[in-house]
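Asks: Sharing a structure here in structure tokens format.
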Amino acid sequence: MGVIGVLTAGGDCPGLNAVVRGVVARAVERDAEVVGIRNGWEGLMEGSTMPLDRDSVRGILGRGGTLLGTSRMDPYVHGQGLSSCTSTIQRNGIDRLIVIGGDGTLRSALQLAQEGLPVIGVPKTIDNDIIGTDMTFGFDTAVQVATDAIDRLTTTAESHNRVIVVEVMGRTKGWIATYAGIAGGADAILIPEFEYDIDEVIATIRKRHRRGQHYSIVVVAEGVVPPPGYDPPKKKTDAFGFERLGGVGYQIAAAIEDMTTFESRVTVLGHIQRGGSPTAYDRVLATRFGVTAADFALDGLTEVMVALRGTAMVAVPLEEATSGIRGVDEDTYATATTFFG
Ligand code: F6P
């Protein structure tokens, strides 16, 4: 009936294994074969694959990470596109590919599809910033981790009369910060989509002090700029040239402490938001994405991404899904700001 290749690329994300399990289970049900490609595009370019049958995906539904491995290698940055992948594709008889990844990965998936390989994308990122889908899998887990952290940091901030700046992931968009900030009752939330004024943040914190609340929680997305007069964290890149973020919370806390003299501490949550077991919501969403991706692939669709719209699984053109990055809308952010201070 056909051979589906499946790969996971870019940063890992809770629910990746659930997607792969979903792909394999539906493919097996429809008498198709699945070949797992190891370490993202790297495995497709360098011929590293593993057979996937129903037994090989047992016991992984609730496990974090990805049994296939992942990397930030890219066939269009580190190779010549489809021609760099053809020997692996031909050797394994792969006639359609399911690509589980974020915006960069999905852009390469689109290019491969345009070169003639049937490709289905699955939107993966804890950042929840992919166009065309109401939600990506992994986001709910990251929000839950960040909310738990905010709850814990609130009680210690209150006990010590401190300001605590909680820095969460979100390269260019502040979905995790906004949702976890709302869920955790943050006193200020700073995200890249909306310019912030440090004087307003400080006025909010001072107002709380005047009211007798001598502690505050400020949630910041890692992608925000530091306050004027404070240097941004040193830029570092990984082996693939991907910029590493993290650390802007320290500049924000320094500005708050300098301007108020209130003791200000920082917690950078980092990869704890990406590792570990997916929430029940993410397990279900990832499973639905995987099963639907297998159906789309076996039904002969290509150049589309599986997406959640309302409660339905739909096909969205990869061209549309990769046309930009989806940011937090004004209404959602206004819900958060209602509770500032
Ligand atoms: O894109 C998802 C993401 O989790 C970002 O929020 C974060 O900046 C990035 O990945 C970190 O990636 P890495 O672990 O490769 O540094």
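Every chain in the structure tokens has a letter given in the order shown (A, B, ...), and although residue numbers restart at 1 in each chain, ligands are simply numbered from 1 in the order shown.
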Could you please extract the residues within 7 Å of ligand 1, counting only C-alpha atoms and all ligand atoms, and hand them back as a list of chain:residue names?
Replies: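 Final answer, ordered by chain and number: A:Gly11, A:Thr125, A:Ile126, A:Asp127, A:Met169, A:Gly170, A:Arg171, A:Arg244, A:Leu245, A:His271, A:Arg274.
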Asks: With a distance cut-off of 10 Å and only C-alpha atoms, select the neighbouring residues of Pro192 in chain A, excluding the residue or stretch itself and same-chain residues fewer than 5 positions from it, and output the selection as a PyMOL selection string.
Replies: chain A and resi 170-175+220-225+327-328
Asks: Which range 213-257 of chain A residues have any atom within 12 Å of an atom of range 329-341 of chain A, and for each, what is the nearest pair of atoms with distance in Å to one decimal, counting only C-alpha atoms, rows sorted by chain and number, as JSON lines?
Replies:
{"residue": "A:Gln213", "atom": "CA", "partner": "A:Gly341", "partner_atom": "CA", "distance": 9.5}
{"residue": "A:His214", "atom": "CA", "partner": "A:Gly341", "partner_atom": "CA", "distance": 11.3}
{"residue": "A:Tyr215", "atom": "CA", "partner": "A:Gly341", "partner_atom": "CA", "distance": 10.4}
{"residue": "A:Ser216", "atom": "CA", "partner": "A:Gly341", "partner_atom": "CA", "distance": 8.1}
{"residue": "A:Ile217", "atom": "CA", "partner": "A:Gly341", "partner_atom": "CA", "distance": 9.4}
{"residue": "A:Val218", "atom": "CA", "partner": "A:Phe340", "partner_atom": "CA", "distance": 9.4}
{"residue": "A:Val219", "atom": "CA", "partner": "A:Phe340", "partner_atom": "CA", "distance": 11.0}
Asks: Residues of the last selection are to be written out with all heavy atoms, as a PDB file, in the first residue's frame.
Replies:
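What follows is the written file again-v7.pdb:
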ATOM      1  N   GLN A 213       1.027  44.422  49.404  1.00  0.00           N
ATOM      2  CA  GLN A 213       1.494  43.160  48.792  1.00  0.00           C
ATOM      3  C   GLN A 213       2.958  43.354  48.406  1.00  0.00           C
ATOM      4  O   GLN A 213       3.253  43.954  47.365  1.00  0.00           O
ATOM      5  CB  GLN A 213       0.627  42.809  47.589  1.00  0.00           C
ATOM      6  CG  GLN A 213      -0.721  42.271  48.013  1.00  0.00           C
ATOM      7  CD  GLN A 213      -1.721  42.299  46.880  1.00  0.00           C
ATOM      8  OE1 GLN A 213      -1.931  43.335  46.239  1.00  0.00           O
ATOM      9  NE2 GLN A 213      -2.352  41.178  46.646  1.00  0.00           N
ATOM     10  N   HIS A 214       3.840  42.891  49.263  1.00  0.00           N
ATOM     11  CA  HIS A 214       5.258  43.211  49.103  1.00  0.00           C
ATOM     12  C   HIS A 214       6.005  42.202  48.247  1.00  0.00           C
ATOM     13  O   HIS A 214       7.178  41.952  48.454  1.00  0.00           O
ATOM     14  CB  HIS A 214       5.908  43.329  50.491  1.00  0.00           C
ATOM     15  CG  HIS A 214       5.289  44.407  51.310  1.00  0.00           C
ATOM     16  ND1 HIS A 214       5.514  45.746  51.089  1.00  0.00           N
ATOM     17  CD2 HIS A 214       4.392  44.353  52.323  1.00  0.00           C
ATOM     18  CE1 HIS A 214       4.816  46.465  51.946  1.00  0.00           C
ATOM     19  NE2 HIS A 214       4.102  45.639  52.710  1.00  0.00           N
ATOM     20  N   TYR A 215       5.315  41.579  47.347  1.00  0.00           N
ATOM     21  CA  TYR A 215       5.976  40.626  46.441  1.00  0.00           C
ATOM     22  C   TYR A 215       5.270  40.719  45.086  1.00  0.00           C
ATOM     23  O   TYR A 215       4.111  41.157  45.014  1.00  0.00           O
ATOM     24  CB  TYR A 215       5.873  39.192  46.991  1.00  0.00           C
ATOM     25  CG  TYR A 215       4.453  38.658  46.944  1.00  0.00           C
ATOM     26  CD1 TYR A 215       4.036  37.852  45.885  1.00  0.00           C
ATOM     27  CD2 TYR A 215       3.537  38.993  47.927  1.00  0.00           C
ATOM     28  CE1 TYR A 215       2.728  37.406  45.815  1.00  0.00           C
ATOM     29  CE2 TYR A 215       2.227  38.553  47.868  1.00  0.00           C
ATOM     30  CZ  TYR A 215       1.833  37.756  46.807  1.00  0.00           C
ATOM     31  OH  TYR A 215       0.539  37.325  46.735  1.00  0.00           O
ATOM     32  N   SER A 216       5.993  40.343  44.054  1.00  0.00           N
ATOM     33  CA  SER A 216       5.394  40.348  42.709  1.00  0.00           C
ATOM     34  C   SER A 216       6.001  39.245  41.857  1.00  0.00           C
ATOM     35  O   SER A 216       7.158  38.873  42.043  1.00  0.00           O
ATOM     36  CB  SER A 216       5.649  41.689  42.006  1.00  0.00           C
ATOM     37  OG  SER A 216       4.994  42.731  42.669  1.00  0.00           O
ATOM     38  N   ILE A 217       5.201  38.757  40.927  1.00  0.00           N
ATOM     39  CA  ILE A 217       5.689  37.779  39.943  1.00  0.00           C
ATOM     40  C   ILE A 217       5.617  38.427  38.562  1.00  0.00           C
ATOM     41  O   ILE A 217       4.555  38.877  38.124  1.00  0.00           O
ATOM     42  CB  ILE A 217       4.825  36.497  39.952  1.00  0.00           C
ATOM     43  CG1 ILE A 217       4.905  35.773  41.302  1.00  0.00           C
ATOM     44  CG2 ILE A 217       5.216  35.569  38.797  1.00  0.00           C
ATOM     45  CD1 ILE A 217       6.241  35.126  41.630  1.00  0.00           C
ATOM     46  N   VAL A 218       6.768  38.488  37.912  1.00  0.00           N
ATOM     47  CA  VAL A 218       6.844  39.060  36.561  1.00  0.00           C
ATOM     48  C   VAL A 218       7.263  37.928  35.615  1.00  0.00           C
ATOM     49  O   VAL A 218       8.338  37.348  35.782  1.00  0.00           O
ATOM     50  CB  VAL A 218       7.890  40.204  36.505  1.00  0.00           C
ATOM     51  CG1 VAL A 218       8.001  40.764  35.090  1.00  0.00           C
ATOM     52  CG2 VAL A 218       7.528  41.304  37.500  1.00  0.00           C
ATOM     53  N   VAL A 219       6.404  37.598  34.672  1.00  0.00           N
ATOM     54  CA  VAL A 219       6.719  36.524  33.719  1.00  0.00           C
ATOM     55  C   VAL A 219       7.248  37.154  32.435  1.00  0.00           C
ATOM     56  O   VAL A 219       6.620  38.080  31.900  1.00  0.00           O
ATOM     57  CB  VAL A 219       5.467  35.664  33.416  1.00  0.00           C
ATOM     58  CG1 VAL A 219       5.797  34.562  32.404  1.00  0.00           C
ATOM     59  CG2 VAL A 219       4.926  35.034  34.695  1.00  0.00           C
TER      60      VAL A 219
END
Asks: Restricting the calculation to only C-alpha atoms, which member of A:Pro232, A:Gly47, A:Gly65, A:Gly138 is positioned closest to Asp282 in chain A?
Replies: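 Among the listed residues, the smallest separation from Asp282 in chain A belongs to A:Gly138.
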Asks: Expressed in Å to a single decimal, how great is the separation between CA of Trp41 in chain A and CA of Asp299 in chain A?
Replies: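 Computing it gives 23.9 Å between the two atoms.
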Asks: Could you please write out, as a list of chain:residue names, every residue of range 64-135 of chain A that DSSP assigns to helix (DSSP H, G or I)?
Replies: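 So the helix (DSSP H, G or I) residues in range 64-135 of chain A would be A:Gly81, A:Leu82, A:Ser83, A:Ser84, A:Thr86, A:Ser87, A:Thr88, A:Ile89, A:Gln90, A:Arg91, A:Asn92, A:Asp103, A:Gly104, A:Thr105, A:Leu106, A:Arg107, A:Ser108, A:Ala109, A:Leu110, A:Gln111, A:Leu112, A:Ala113, A:Gln114.
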Asks: Which residues come within 12 Å of Glu257 in chain A, counting only C-alpha atoms, excluding same-chain residues fewer than 5 positions away, as JSON, numbers by chain?
Replies: {"A": [162, 163, 164, 165, 198, 201, 202, 205, 206, 250, 251, 252, 262, 263, 264, 265, 266]}
Asks: Just write the chosen residues, N, CA, C and O atoms, as a compact mmCIF listing (two decimals), in the first residue's frame.
Replies:
# COMPACT_ATOMS: atom_id res chain seq x y z
N ARG A 162 9.83 39.39 47.95
CA ARG A 162 10.71 39.56 46.79
C ARG A 162 9.90 39.73 45.52
O ARG A 162 8.76 39.26 45.42
N VAL A 163 10.56 40.32 44.54
CA VAL A 163 10.06 40.26 43.17
C VAL A 163 10.74 39.06 42.53
O VAL A 163 11.96 38.91 42.67
N ILE A 164 9.97 38.20 41.89
CA ILE A 164 10.61 37.10 41.15
C ILE A 164 10.25 37.21 39.67
O ILE A 164 9.07 37.29 39.30
N VAL A 165 11.30 37.27 38.86
CA VAL A 165 11.13 37.29 37.41
C VAL A 165 11.25 35.84 36.94
O VAL A 165 12.25 35.18 37.21
N ILE A 198 9.33 49.70 31.01
CA ILE A 198 9.80 49.24 32.31
C ILE A 198 9.26 50.14 33.44
O ILE A 198 9.00 49.67 34.55
N VAL A 201 5.97 48.77 34.43
CA VAL A 201 6.13 47.55 35.23
C VAL A 201 6.45 47.94 36.67
O VAL A 201 5.87 47.41 37.63
N ILE A 202 7.35 48.89 36.81
CA ILE A 202 7.75 49.33 38.15
C ILE A 202 6.59 50.02 38.88
O ILE A 202 6.37 49.78 40.08
N ILE A 205 4.43 47.33 40.29
CA ILE A 205 5.01 46.68 41.47
C ILE A 205 4.90 47.60 42.70
O ILE A 205 4.55 47.17 43.80
N ARG A 206 5.17 48.90 42.49
CA ARG A 206 5.07 49.86 43.60
C ARG A 206 3.64 49.94 44.12
O ARG A 206 3.40 50.04 45.32
N TYR A 250 17.44 38.32 33.64
CA TYR A 250 18.42 38.92 34.57
C TYR A 250 18.48 40.43 34.40
O TYR A 250 18.61 41.17 35.38
N GLN A 251 18.40 40.90 33.16
CA GLN A 251 18.43 42.35 32.93
C GLN A 251 17.15 43.00 33.47
O GLN A 251 17.19 44.09 34.03
N ILE A 252 16.04 42.31 33.29
CA ILE A 252 14.76 42.87 33.75
C ILE A 252 14.74 42.95 35.28
O ILE A 252 14.36 43.96 35.87
N PHE A 262 13.69 47.00 45.65
CA PHE A 262 13.04 45.76 46.11
C PHE A 262 13.91 44.59 45.63
O PHE A 262 14.31 44.54 44.47
N GLU A 263 14.16 43.65 46.53
CA GLU A 263 14.99 42.51 46.14
C GLU A 263 14.32 41.75 45.00
O GLU A 263 13.15 41.36 45.09
N SER A 264 15.08 41.54 43.94
CA SER A 264 14.51 40.90 42.75
C SER A 264 15.34 39.70 42.33
O SER A 264 16.55 39.82 42.15
N ARG A 265 14.71 38.57 42.20
CA ARG A 265 15.40 37.32 41.84
C ARG A 265 14.87 36.80 40.50
O ARG A 265 13.82 37.23 40.04
N VAL A 266 15.61 35.86 39.94
CA VAL A 266 15.27 35.36 38.60
C VAL A 266 15.23 33.83 38.61
O VAL A 266 16.10 33.20 39.21
Asks: Between A:Asn92, A:Thr8, A:Thr49, A:Thr267, single out the one closest to Ala109 in chain A, counting only C-alpha atoms.
Replies: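 Answer, going by the shortest atom-to-atom distance: A:Thr8.
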Asks: Got a sec: who's within 12 Å of Val34 in chain A, counting only C-alpha atoms, leaving out chain neighbours fewer than 4 positions off, as a PyMOL selection string?
Replies: chain A and resi 1-7+20-30+49-54+56-57+92-98+294+297-298
